[in-house]
Structures are given as structure tokens and as C-alpha cells.
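final-v5.tsv (TSV, C-alpha atoms) appears below.
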```tsv
chain	number	residue	atom	x	y	z
Z	1	MET	CA	99.26	169.32	93.53
Z	2	LEU	CA	98.26	167.39	96.62
Z	3	PHE	CA	95.38	165.58	94.95
Z	4	SER	CA	94.70	163.98	91.60
Z	5	ASP	CA	90.96	164.61	91.94
Z	6	LYS	CA	91.10	168.40	92.09
Z	7	ARG	CA	87.33	168.80	91.89
Z	8	GLN	CA	86.72	166.66	94.95
Z	9	ALA	CA	89.53	168.44	96.79
Z	10	ALA	CA	87.97	171.81	95.95
Z	11	LYS	CA	84.61	170.66	97.33
Z	12	ARG	CA	86.16	169.43	100.56
Z	13	GLY	CA	88.22	172.59	100.89
Z	14	LEU	CA	85.19	174.82	100.37
Z	15	ALA	CA	83.13	172.86	102.88
Z	16	GLY	CA	85.97	173.00	105.41
Z	17	GLY	CA	86.42	176.73	104.86
Z	18	VAL	CA	82.73	177.39	105.45
Z	19	LEU	CA	82.86	175.33	108.64
Z	20	GLY	CA	85.94	177.30	109.70
Z	21	LEU	CA	84.05	180.56	109.27
Z	22	ALA	CA	81.11	179.09	111.19
Z	23	GLY	CA	83.43	178.12	114.03
Z	24	CYS	CA	84.87	181.63	114.08
Z	25	LEU	CA	81.42	183.21	114.24
Z	26	LEU	CA	80.38	180.77	116.96
Z	27	LEU	CA	83.42	181.72	119.01
Z	28	ALA	CA	82.56	185.39	118.48
Z	29	PHE	CA	79.04	184.78	119.72
Z	30	LEU	CA	80.20	182.81	122.77
Z	31	THR	CA	82.82	185.37	123.78
Z	32	GLN	CA	80.79	188.48	122.93
Z	33	PRO	CA	77.07	187.65	123.14
Z	34	GLY	CA	75.03	190.03	121.04
Z	35	ALA	CA	77.98	191.60	119.20
Z	36	LEU	CA	76.97	189.96	115.93
Z	37	PHE	CA	73.45	191.31	116.10
Z	38	THR	CA	74.01	194.91	117.14
Z	39	GLY	CA	75.89	196.03	114.03
Z	40	SER	CA	79.09	196.53	116.01
Z	41	LEU	CA	82.44	195.67	114.45
Z	42	ARG	CA	84.06	195.29	117.86
Z	43	LEU	CA	84.99	191.65	117.53
Z	44	ASP	CA	88.64	192.09	118.54
Z	45	PHE	CA	88.60	189.30	121.09
Z	46	THR	CA	87.72	186.73	118.44
Z	47	PHE	CA	89.08	187.93	115.13
Z	48	CYS	CA	92.03	190.10	116.04
Z	49	TYR	CA	93.09	189.92	119.70
Z	50	ASN	CA	96.05	192.27	120.11
Z	51	SER	CA	96.83	193.26	116.56
Z	52	GLN	CA	98.10	196.72	115.69
Z	53	VAL	CA	96.30	196.72	112.33
Z	54	PRO	CA	92.99	198.60	111.93
Z	55	GLU	CA	90.02	196.82	113.43
Z	56	THR	CA	88.12	196.17	110.19
Z	57	LEU	CA	91.24	194.94	108.39
Z	58	GLY	CA	92.11	192.72	111.34
Z	59	ALA	CA	88.62	191.20	111.34
Z	60	ALA	CA	88.81	190.55	107.58
Z	61	LEU	CA	92.25	188.95	107.86
Z	62	GLY	CA	91.10	186.87	110.82
Z	63	LEU	CA	88.10	185.55	108.89
Z	64	LEU	CA	90.32	184.77	105.91
Z	65	LEU	CA	92.75	182.77	108.05
Z	66	TRP	CA	89.90	180.87	109.74
Z	67	PHE	CA	88.57	180.00	106.29
Z	68	ALA	CA	92.02	178.89	105.09
Z	69	PHE	CA	92.62	176.71	108.15
Z	70	GLY	CA	89.19	175.12	107.79
Z	71	ALA	CA	89.85	174.46	104.10
Z	72	GLU	CA	93.17	172.80	104.94
Z	73	ILE	CA	91.45	170.55	107.46
Z	74	GLY	CA	88.74	169.79	104.90
Z	75	VAL	CA	91.13	168.60	102.20
Z	76	ALA	CA	92.94	166.45	104.79
Z	77	THR	CA	89.91	164.13	104.83
Z	78	LEU	CA	91.00	162.92	101.36
Z	79	PRO	CA	93.92	160.51	100.84
Z	80	PHE	CA	97.03	162.39	99.76
Z	81	ALA	CA	98.58	159.65	97.59
Z	82	ASP	CA	98.68	155.91	96.90
Z	83	ASP	CA	102.44	155.35	97.16
Z	84	GLY	CA	104.76	155.92	100.08
Z	85	PRO	CA	107.17	158.64	98.83
Z	86	ALA	CA	104.38	160.77	97.40
Z	87	LEU	CA	102.37	160.35	100.60
Z	88	VAL	CA	105.26	161.54	102.76
Z	89	ARG	CA	106.05	164.47	100.46
Z	90	ARG	CA	102.46	165.67	100.23
Z	91	THR	CA	101.93	165.22	103.96
Z	92	PHE	CA	104.85	167.55	104.67
Z	93	LEU	CA	103.49	170.07	102.15
Z	94	HIS	CA	100.07	169.99	103.79
Z	95	PHE	CA	101.56	170.40	107.27
Z	96	ALA	CA	103.70	173.31	106.04
Z	97	ALA	CA	100.60	175.04	104.68
Z	98	MET	CA	98.76	174.60	107.98
Z	99	ALA	CA	101.82	175.79	109.92
Z	100	ALA	CA	102.07	178.90	107.74
Z	101	THR	CA	98.38	179.70	108.22
Z	102	LEU	CA	98.64	179.22	111.97
Z	103	SER	CA	101.78	181.36	112.17
Z	104	LEU	CA	100.05	184.22	110.35
Z	105	TRP	CA	97.09	183.95	112.73
Z	106	VAL	CA	99.42	184.09	115.75
Z	107	LEU	CA	101.20	187.15	114.32
Z	108	LEU	CA	97.82	188.80	113.80
Z	109	ASN	CA	96.57	188.06	117.29
Z	110	PHE	CA	99.56	187.66	119.61
Z	111	GLN	CA	103.34	188.00	119.26
Z	112	ALA	CA	105.98	186.27	117.19
Z	113	ALA	CA	107.52	184.75	120.33
Z	114	GLN	CA	104.38	182.63	120.81
Z	115	ILE	CA	104.55	181.00	117.37
Z	116	PRO	CA	106.67	178.00	118.56
Z	117	PHE	CA	104.07	177.17	121.23
Z	118	PHE	CA	101.20	177.05	118.74
Z	119	LEU	CA	103.29	175.17	116.18
Z	120	LEU	CA	104.16	172.56	118.81
Z	121	LEU	CA	100.48	172.06	119.59
Z	122	LEU	CA	99.73	171.76	115.87
Z	123	ALA	CA	102.55	169.26	115.37
Z	124	LEU	CA	101.41	167.09	118.29
Z	125	VAL	CA	97.78	167.05	117.15
Z	126	TYR	CA	98.81	166.45	113.52
Z	127	LEU	CA	101.09	163.59	114.54
Z	128	LEU	CA	98.40	162.09	116.75
Z	129	ILE	CA	95.86	162.12	113.90
Z	130	TRP	CA	98.43	160.83	111.41
Z	131	LEU	CA	99.39	157.93	113.66
Z	132	GLY	CA	95.72	157.14	114.23
Z	133	ARG	CA	95.14	156.94	110.49
Z	134	TRP	CA	98.31	154.93	109.97
Z	135	VAL	CA	97.39	152.26	112.48
Z	136	GLY	CA	93.93	152.16	110.91
Z	137	TRP	CA	95.43	151.49	107.46
Z	138	TYR	CA	97.81	148.93	108.96
Z	139	ALA	CA	94.94	147.10	110.63
Z	140	GLU	CA	92.90	147.08	107.41
Z	141	VAL	CA	95.79	145.57	105.45
Z	142	ALA	CA	96.28	142.96	108.16
Z	143	ALA	CA	92.56	142.14	108.04
Z	144	ILE	CA	92.73	141.66	104.25
Z	145	ARG	CA	95.74	139.38	104.63
Z	146	GLU	CA	93.93	137.37	107.27
Z	147	ARG	CA	90.89	136.87	105.04
Z	148	LEU	CA	93.16	135.67	102.25
Z	149	GLY	CA	94.81	133.21	104.60
Z	150	LEU	CA	98.16	134.99	104.49
Z	151	SER	CA	98.56	135.55	108.21
Z	152	PRO	CA	98.42	133.27	111.26
Z	153	GLY	CA	95.82	133.39	114.02
Z	154	PRO	CA	95.84	135.83	116.95
Z	155	SER	CA	99.02	136.01	119.01
Z	156	PRO	CA	99.00	135.34	122.78
Z	157	LEU	CA	97.14	138.18	124.50
Z	158	LYS	CA	97.10	139.72	121.00
Z	159	TRP	CA	100.44	141.38	121.60
Z	160	LYS	CA	101.26	141.50	117.88
Z	161	GLU	CA	97.91	143.09	117.15
Z	162	THR	CA	98.66	145.73	119.79
Z	163	LEU	CA	102.10	146.66	118.39
Z	164	PRO	CA	100.87	149.17	115.76
Z	165	TYR	CA	99.19	151.15	118.55
Z	166	VAL	CA	102.33	151.41	120.71
Z	167	PRO	CA	103.49	154.69	119.02
Z	168	LEU	CA	100.01	156.11	119.52
Z	169	ALA	CA	100.05	155.26	123.23
Z	170	LEU	CA	103.53	156.78	123.62
Z	171	LEU	CA	102.48	159.97	121.90
Z	172	LEU	CA	99.19	160.34	123.75
Z	173	CYS	CA	100.27	159.34	127.26
Z	174	PHE	CA	103.94	160.35	127.38
Z	175	LEU	CA	105.09	162.74	124.66
Z	176	LEU	CA	101.99	164.93	124.64
Z	177	PRO	CA	102.06	165.91	128.36
Z	178	ALA	CA	105.84	166.29	128.23
Z	179	GLY	CA	105.55	168.61	125.23
Z	180	LEU	CA	102.73	170.65	126.73
Z	181	SER	CA	104.69	171.13	129.95
Z	182	LEU	CA	107.37	173.07	128.06
Z	183	PHE	CA	104.90	175.87	127.41
Z	184	ASP	CA	102.70	175.65	130.49
Z	185	ALA	CA	102.60	178.36	133.15
Z	186	PRO	CA	104.44	177.21	136.30
Z	187	ASP	CA	101.91	178.78	138.68
Z	188	VAL	CA	98.71	177.75	136.84
Z	189	PRO	CA	99.43	174.74	134.57
Z	190	VAL	CA	96.25	174.94	132.50
Z	191	LEU	CA	97.47	172.81	129.60
Z	192	THR	CA	98.90	169.88	131.54
Z	193	GLY	CA	96.77	170.18	134.68
Z	194	LEU	CA	93.34	170.77	133.14
Z	195	VAL	CA	93.12	170.41	129.35
Z	196	TYR	CA	95.28	167.31	129.14
Z	197	LEU	CA	94.29	165.43	132.30
Z	198	TYR	CA	90.56	166.00	132.07
Z	199	LEU	CA	90.03	166.10	128.30
Z	200	LEU	CA	92.84	164.88	126.04
Z	201	LEU	CA	93.93	161.90	128.14
Z	202	PRO	CA	90.54	160.22	128.76
Z	203	VAL	CA	89.10	161.04	125.33
Z	204	GLY	CA	92.26	159.98	123.48
Z	205	SER	CA	92.53	156.75	125.49
Z	206	PHE	CA	88.90	155.89	124.84
Z	207	CYS	CA	89.04	156.62	121.10
Z	208	SER	CA	92.29	154.73	120.53
Z	209	GLY	CA	90.98	151.71	122.46
Z	210	LEU	CA	87.76	151.86	120.46
Z	211	SER	CA	89.70	151.94	117.17
Z	212	LEU	CA	91.91	149.00	118.17
Z	213	ALA	CA	89.06	146.77	119.37
Z	214	ARG	CA	86.88	147.43	116.34
Z	215	ARG	CA	89.68	146.16	114.09
Z	216	LYS	CA	91.37	143.49	116.21
Z	217	GLY	CA	88.94	142.59	118.96
Z	218	PHE	CA	89.62	143.11	122.64
Z	219	CYS	CA	93.39	143.44	123.21
Z	220	PRO	CA	94.04	143.23	126.97
Z	221	LEU	CA	97.56	144.67	126.79
Z	222	TYR	CA	96.61	148.08	125.41
Z	223	PRO	CA	94.96	149.66	128.52
Z	224	PRO	CA	97.93	148.73	130.78
Z	225	LEU	CA	100.26	150.07	128.07
Z	226	CYS	CA	98.53	153.46	128.20
Z	227	ALA	CA	98.76	153.46	132.00
Z	228	LEU	CA	102.48	152.62	131.93
Z	229	CYS	CA	103.23	155.35	129.38
Z	230	PHE	CA	101.47	157.93	131.54
Z	231	LEU	CA	103.21	156.57	134.65
Z	232	ALA	CA	106.54	157.33	132.95
Z	233	ALA	CA	105.37	160.92	132.36
Z	234	VAL	CA	104.35	161.54	135.99
Z	235	PRO	CA	107.86	162.20	137.42
Z	236	LEU	CA	108.70	164.41	134.45
Z	237	VAL	CA	105.57	166.56	134.39
Z	238	TYR	CA	103.55	166.01	137.59
Z	239	ASN	CA	103.92	164.83	141.16
Z	240	THR	CA	102.49	161.83	142.99
Z	241	SER	CA	99.03	163.42	143.06
Z	242	ALA	CA	98.69	162.63	139.33
Z	243	LEU	CA	99.19	158.90	139.81
Z	244	SER	CA	95.43	158.43	140.02
Z	245	PHE	CA	95.19	159.38	136.35
Z	246	CYS	CA	96.97	156.14	135.49
Z	247	ALA	CA	93.68	154.53	136.49
Z	248	VAL	CA	91.82	157.10	134.36
Z	249	THR	CA	93.66	156.19	131.17
Z	250	LEU	CA	93.49	152.50	132.06
Z	251	CYS	CA	89.71	152.61	132.50
Z	252	ALA	CA	89.12	154.91	129.51
Z	253	ALA	CA	91.14	152.68	127.16
Z	254	GLY	CA	89.47	149.58	128.58
Z	255	LEU	CA	86.01	151.09	128.16
Z	256	GLY	CA	86.88	152.11	124.61
Z	257	GLU	CA	88.05	148.58	123.82
Z	258	LEU	CA	84.90	147.07	125.32
Z	259	THR	CA	82.74	149.44	123.27
Z	260	GLY	CA	84.68	148.70	120.09
Z	261	TRP	CA	84.49	144.95	120.70
Z	262	LEU	CA	80.72	145.10	121.19
Z	263	LEU	CA	80.30	147.21	118.05
Z	264	ALA	CA	82.43	144.79	116.05
Z	265	ARG	CA	80.39	141.81	117.27
Z	266	ARG	CA	77.15	143.58	116.44
Z	267	ARG	CA	78.41	144.38	112.96
Z	268	GLY	CA	79.51	140.77	112.49
Z	269	LYS	CA	76.10	139.43	113.46
Z	270	ARG	CA	74.41	141.71	110.95
Z	271	LYS	CA	76.58	140.31	108.19
```
Is it possible to express this structure as C-alpha cells?
Amino acid sequence: MLFSDKRQAAKRGLAGGVLGLAGCLLLAFLTQPGALFTGSLRLDFTFCYNSQVPETLGAALGLLLWFAFGAEIGVATLPFADDGPALVRRTFLHFAAMAATLSLWVLLNFQAAQIPFFLLLLALVYLLIWLGRWVGWYAEVAAIRERLGLSPGPSPLKWKETLPYVPLALLLCFLLPAGLSLFDAPDVPVLTGLVYLYLLLPVGSFCSGLSLARRKGFCPLYPPLCALCFLAAVPLVYNTSALSFCAVTLCAAGLGELTGWLLARRRGKRK
């Protein structure tokens, strides 16, 4: 089992499954306004895009997979284990379950040839979240050590404090656009040209900077690190027109750090 507290895991899984169904119904409403209220079962675009199975069966299977994926996300909000080997083993089991659910959904809605694309997206998002949680745990342990007097004061420009976030910056600003480019359309690069540049890059830079500053204070090296990582991705994925987004990630990470620093100071004054 993934969890020692099976009752709590069941509650989180049920809540996540219900939210997954709600997300599915919301998508159905947004893509087919009124379809849910007219008694029609024609929800192919949401539940079962191009499947060859009967419409009602496809809708039922689609809802079941949405529920399963939501449940898997729900149980992921609980810690998997307290020791390293068990954590790694259970993390792989959880990822395998999510990958299997996603693969079945792709087979139901698209074609088997598109499974690697969706699995790559899942792996990148999963790794990004896992790294974010890891650096959070690392920072909390470092904070405990500092309070116990087991660690020295801040390093120059807080470069040591920034080190745990280096893998996160590499993944977000270099590996993610490079990975998305492998599956993007050459004529209309929606993933790398729109979704990544205008959503994932600024939001991810802001949130990671916010997380770092709330735990370690303002670290001036992190925003330039994000900009340099994206600069390395430009010749691989984009052309010179994308150089301006180096400033986007720089400003977003800096704004996130400033926000996190202010929140940390406000929390400290309350204490």
C-alpha cells in the first residue's frame, strides 16, 4: 500500500475523484453549452473524442477515468513515506498508476501513437511538482538546523540557499520547452509558442521565486539563473525573437521573490 493511514488516503482519493468528475462536467459545459441540460448524451467531444466504442459506454469509461485520475491526484497530497527507499518506491508506483490511467484515456479518445506525447507531459509536470516539494522539504530541514544552531549564517548572495532550486530552474526554463518542442507542430507551435511562453514560464518562475523567498529570504541569484536557463533553450527551440522572454522569466521570478520576502517578513512580525 502507498499509505499507512488508509482511511485518510481513501478520503483524499474520494475528494479528488469527485473534483475530477466536476472538472470533466465543467469541460463538457464549456465545450458544449447546454448539452448537459437538454437530456442529450452527445458529449463525445469531452468524454470520448474519437473512440470507436458506443457513445454511452465511451461516456461512462471517460467519467470513470476522470474520477480515477482525480483520485490519484488527491492521494498525492499525502506524504508517501517517511524513509528514502520507501518514498522512491511508492513514488514510482503512484506515477505508474497515473501513467496507466492517462494511457487508457488516450486510447479511448485518440490513438495509441499519441500516448508518448501525453506521457511526456505527465512526466514533466510530475517531475516539476516533485522537485518543488523536494526543495520545500530541503528548505524546511535547513531552517530547523539553523534554529538549532547547526548551520552557519547566509552565504554571499545566498548562493548556497539557491542551490536546491537549480534543478527546478533547469527543468522549468530549459528541459520543459525542449521536451515540448519534440511534440509541437512545426507550422503552429502551440505548446512552445503559446502555452509555455505565456503561461508555464511566467507562472512557474513566479511560484518558484515565491517559494524560495518565503523560506530563505530574497536570493538575488535565482532570477538571473532562470533567465540564463531559458537563454540556453532559445537556440534549441526558438529564434532570436524569443530572447525577450528572458526578461519575462527574470521579472516573474524577481516579482515572486519580492512577494515571498514580503510575506515572510509579515509572518515574522506577527510572531
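Taking atom CA of Ala142 of chain Z and atom CA of Leu228 of chain Z as endpoints, the distance between them is 26.4 Å.
Note that the spacing between atom CA of Glu146 of chain Z and atom CA of Arg265 of chain Z amounts to 17.4 Å.
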message: Distance cut-off 12 Å, centre (100.0, 171.7, 119.7) in file coordinates, counting all atoms listed in the file: which residues qualify? Return them as an MDAnalysis selection string.
response: chainID Z and resid 99 102 114:129 175:184 191 195:196 200
- prompt: Using only C-alpha atoms, which residues sit within 10 Å of Lys158 of chain Z once same-chain residues fewer than 2 positions away are excluded, as a list in words?
  reply: Gly153, Pro154, Ser155, Pro156, Lys160, Glu161, Thr162, Leu163, Lys216, Gly217, Phe218, Cys219, Pro220, Leu221 and Tyr222 of chain Z
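For the atom pair formed by atom CA of Pro223 of chain Z and atom CA of Leu243 of chain Z, the distance is 15.2 Å, given to one decimal.
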task: Tell me, as a PyMOL selection string, which residues lie within 12 Å of Phe174 of chain Z, counting all atoms listed in the file; anything in the same chain fewer than 5 positions away does not count.
output: chain Z and resi 124+166-169+179-181+192+196-197+201+225-238+246+249
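Among the candidates Z:Ile73, Z:Ala15, Z:Leu78, Z:Ala10, the one nearest to Ala97 of chain Z when counting all atoms listed in the file is Z:Ile73.
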task: Find the spatial neighbours of Ala100 of chain Z, counting all atoms listed in the file, within a cut-off of 12 Å - ignore same-chain residues fewer than 4 positions away - and output them as a VMD selection string.
output: chain Z and resid 65 68 to 69 72 93 to 96 104 to 107 115 to 116 118 to 119 122
- prompt: Contacts of Cys207 of chain Z at 9 Å or less, counting all atoms listed in the file, minus same-chain residues fewer than 2 places along, as a PyMOL selection string?
  reply: chain Z and resi 202-205+209-212+252-253+256-257
message: List the spatial neighbours of Pro164 of chain Z as a PyMOL selection string - criterion: any atom at most 9 Å away, only C-alpha atoms, same-chain residues fewer than 4 positions off excluded.
response: chain Z and resi 134-136+138-139+160+168
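Shortest separation to Glu55 of chain Z among Z:Leu108, Z:Val248, Z:Ala113, Z:Ala76 occurs at residue Z:Leu108, atoms counted being only C-alpha atoms.
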query: Taking into account all atoms listed in the file, which residue in the set Z:Leu61, Z:Ile144, Z:Phe67, Z:Trp137 is nearest to Asn109 of chain Z?
result: Z:Leu61
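Among the candidates Z:Cys24, Z:Val75, Z:Leu14, Z:Cys173, the residue lying nearest to Ala60 of chain Z is Z:Cys24 (atoms considered: only C-alpha atoms).
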